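Student: Take a look at the following structure, please.
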Amino acid sequence: MDKGVSTGTDCEALAEVLATARKTRRPIAPISKTHPGFTVEEAYAVQEVTTERRLAAGERIVGHKIGLTSPAVQAQLGVSEPDFGMLFDVDRVPDGGALSMDTLIQPKVEAEIAFILKDDLADGPVTNERAAAAIDYAVAAIEIVDSAIEDWKITLPDTVADNASAAKFLIGTDRLPLDKVDLHLAGMELLHNGRQASLGVAAACLGNPLNAVVWLAKKMIEVGRPLGRGDIVLSGALGPMVTVAAGDEITVHVQGFKPLHLSFA
């Protein structure tokens, strides 16, 4: 991916500011405010700098996330199009695990359907039929999103630069072939400390999670990081995000899959 941008934005410096915010757990003012005119293209260039730094440090990309696919989430954050970010091996948490708040700033959780690829999607054209054929199986998933931007006051460029607000992710072990999953009306319920906090259906993700996979595959071909065999794809939220804090317990039900459990310590 081309790191160069036309307006003179210092992508290396912004990537360092975001990394420091994450490390110190001290969020920063929106980049879109401190750098007027900051564009989505520049934001992806900042994200790429972060990606290269993490790879150089020995971390490994295991997949990708699609963000802002649910109209409800788009409304929450005031944006109108999807984005993408990288998933790294060090950020995977096990089903039933406890996640320390010491690694997070202002986390939220969302329930998703994730896909594992059995074939590359390295060139076009990418259709729904081709994407479906490239998928090995589907799983229920929880994404833990977090923002280095104060109070989640983000625009699309802010979240893109911050790796699409990715933090941690949980992939279920209950694997289903696509023909066993209702990718239109599969229901989702997220329980926060035993109480219903988010409700949705598969269609909340761009009408069908496969549409999200196709969108991502095309984007990743464009930027030179095409989807490959074994990749995890978090296809996007099926309902509104839920804020979490230390001591919280999360249970996610996605129709057809066994429940997922995650706690925060």
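Naming scheme: A, B, ... for chains in displayed order of the structure tokens; residues 1 onward per chain; ligands 1 onward as shown.
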Apply DSSP to the backbone of this structure and, from segment 23-225 of chain A, keep only the residues in strand (DSSP E or B); write these as JSON, numbers by chain.
Tutor: {"A": [28, 61, 62, 63, 64, 65, 66, 67, 83, 84, 85, 86, 87, 88, 92, 93, 98, 99, 108, 109, 110, 111, 112, 113, 114, 115, 116, 117, 121, 135, 136, 137, 138, 139, 140, 141, 142, 143, 144, 145, 149, 166, 167, 168, 169, 170, 171, 176, 187, 188, 189, 190, 191, 192, 195, 196, 197, 198, 199, 200, 201]}
Student: Find the residues around Phe38 of chain A up to 12 Å (only C-alpha atoms counted), leave out those fewer than 2 positions away in its own chain, and share them as a PyMOL selection string.
Tutor: chain A and resi 5-11+14+30-36+40-46+155-161
Student: Output C-alpha atoms for every residue in that selection, as a PDB file, in the first residue's frame.
Tutor:
```pdb
ATOM      1  CA  VAL A   5      -0.061  11.281   0.734  1.00  0.00           C
ATOM      2  CA  SER A   6      -0.445  14.499  -1.154  1.00  0.00           C
ATOM      3  CA  THR A   7      -1.019  17.027   1.613  1.00  0.00           C
ATOM      4  CA  GLY A   8       2.194  16.642   3.574  1.00  0.00           C
ATOM      5  CA  THR A   9       0.628  14.823   6.522  1.00  0.00           C
ATOM      6  CA  ASP A  10       3.353  13.151   8.602  1.00  0.00           C
ATOM      7  CA  CYS A  11       1.996   9.600   8.714  1.00  0.00           C
ATOM      8  CA  LEU A  14       0.625  10.305  13.608  1.00  0.00           C
ATOM      9  CA  PRO A  30      -9.554  13.674  17.213  1.00  0.00           C
ATOM     10  CA  ILE A  31      -6.955  13.832  14.452  1.00  0.00           C
ATOM     11  CA  SER A  32      -9.646  15.325  12.252  1.00  0.00           C
ATOM     12  CA  LYS A  33      -9.680  18.299  14.643  1.00  0.00           C
ATOM     13  CA  THR A  34      -5.940  18.683  15.199  1.00  0.00           C
ATOM     14  CA  HIS A  35      -5.204  18.154  11.491  1.00  0.00           C
ATOM     15  CA  PRO A  36      -7.983  19.932   9.536  1.00  0.00           C
ATOM     16  CA  VAL A  40      -9.529   8.897   4.512  1.00  0.00           C
ATOM     17  CA  GLU A  41      -6.617   8.243   2.124  1.00  0.00           C
ATOM     18  CA  GLU A  42      -4.193   9.782   4.594  1.00  0.00           C
ATOM     19  CA  ALA A  43      -5.799   7.788   7.408  1.00  0.00           C
ATOM     20  CA  TYR A  44      -5.206   4.499   5.598  1.00  0.00           C
ATOM     21  CA  ALA A  45      -1.603   5.574   5.045  1.00  0.00           C
ATOM     22  CA  VAL A  46      -1.253   6.081   8.816  1.00  0.00           C
ATOM     23  CA  THR A 155     -14.950  10.726  12.071  1.00  0.00           C
ATOM     24  CA  LEU A 156     -14.253   8.075   9.433  1.00  0.00           C
ATOM     25  CA  PRO A 157     -10.599   9.208   9.020  1.00  0.00           C
ATOM     26  CA  ASP A 158     -10.075   9.066  12.806  1.00  0.00           C
ATOM     27  CA  THR A 159     -11.164   5.463  13.145  1.00  0.00           C
ATOM     28  CA  VAL A 160      -9.390   4.362   9.950  1.00  0.00           C
ATOM     29  CA  ALA A 161      -6.065   5.778  11.159  1.00  0.00           C
TER      30      ALA A 161
END
```
Student: Residues near Gly124 of chain A, anyone? I mean within 9 Å using only C-alpha atoms, not counting same-chain ones fewer than 3 positions away, as a PyMOL selection string.
Tutor: chain A and resi 121+127+217-218+221
Student: Save the residues we just selected, C-alpha atoms, as a tab-separated table (two decimals), in the first residue's frame?
Tutor:
```tsv
chain	number	residue	atom	x	y	z
A	121	LEU	CA	-9.25	-13.86	-3.03
A	127	THR	CA	-18.61	-11.71	-6.55
A	217	ALA	CA	-11.87	-8.46	-0.74
A	218	LYS	CA	-12.06	-5.73	-3.38
A	221	ILE	CA	-6.83	-6.15	-3.64
```
Student: Apply DSSP to the backbone of this structure and, from segment 53-160 of chain A, keep only the residues in helix (DSSP H, G or I); write these as a count of residues only.
Tutor: 32
Student: Report, in Å to a single decimal, how far apart atom CA of Lys65 of chain A and atom CA of Phe88 of chain A are.
Tutor: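 Atom CA of Lys65 of chain A lies at a distance of 10.4 Å from atom CA of Phe88 of chain A.
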Student: Compile the contact shell of Met220 of chain A as a ChimeraX atom specification: residues with an atom at most 10 Å away, counting only C-alpha atoms, same-chain residues fewer than 4 positions apart removed.
Tutor: /A:1,64,84,121-123,214-216,224-227
Student: Just the residues within 7 Å of segment 107-114 of chain A, please, counting only C-alpha atoms, with nothing from its chain fewer than 3 positions along; format it as a list in words.
Tutor: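 Surrounding residues, per the criterion: Leu104, Ala138, Val139, Ala140, Ala141, Ile142, Glu143, Ile144, Val145, Asp146, Leu190, Ile232, Val233, Leu234, Ser235, Gly236, Ala237, Leu238, Pro240, Met241, Val242, Thr243, Val244 and Val252 of chain A.
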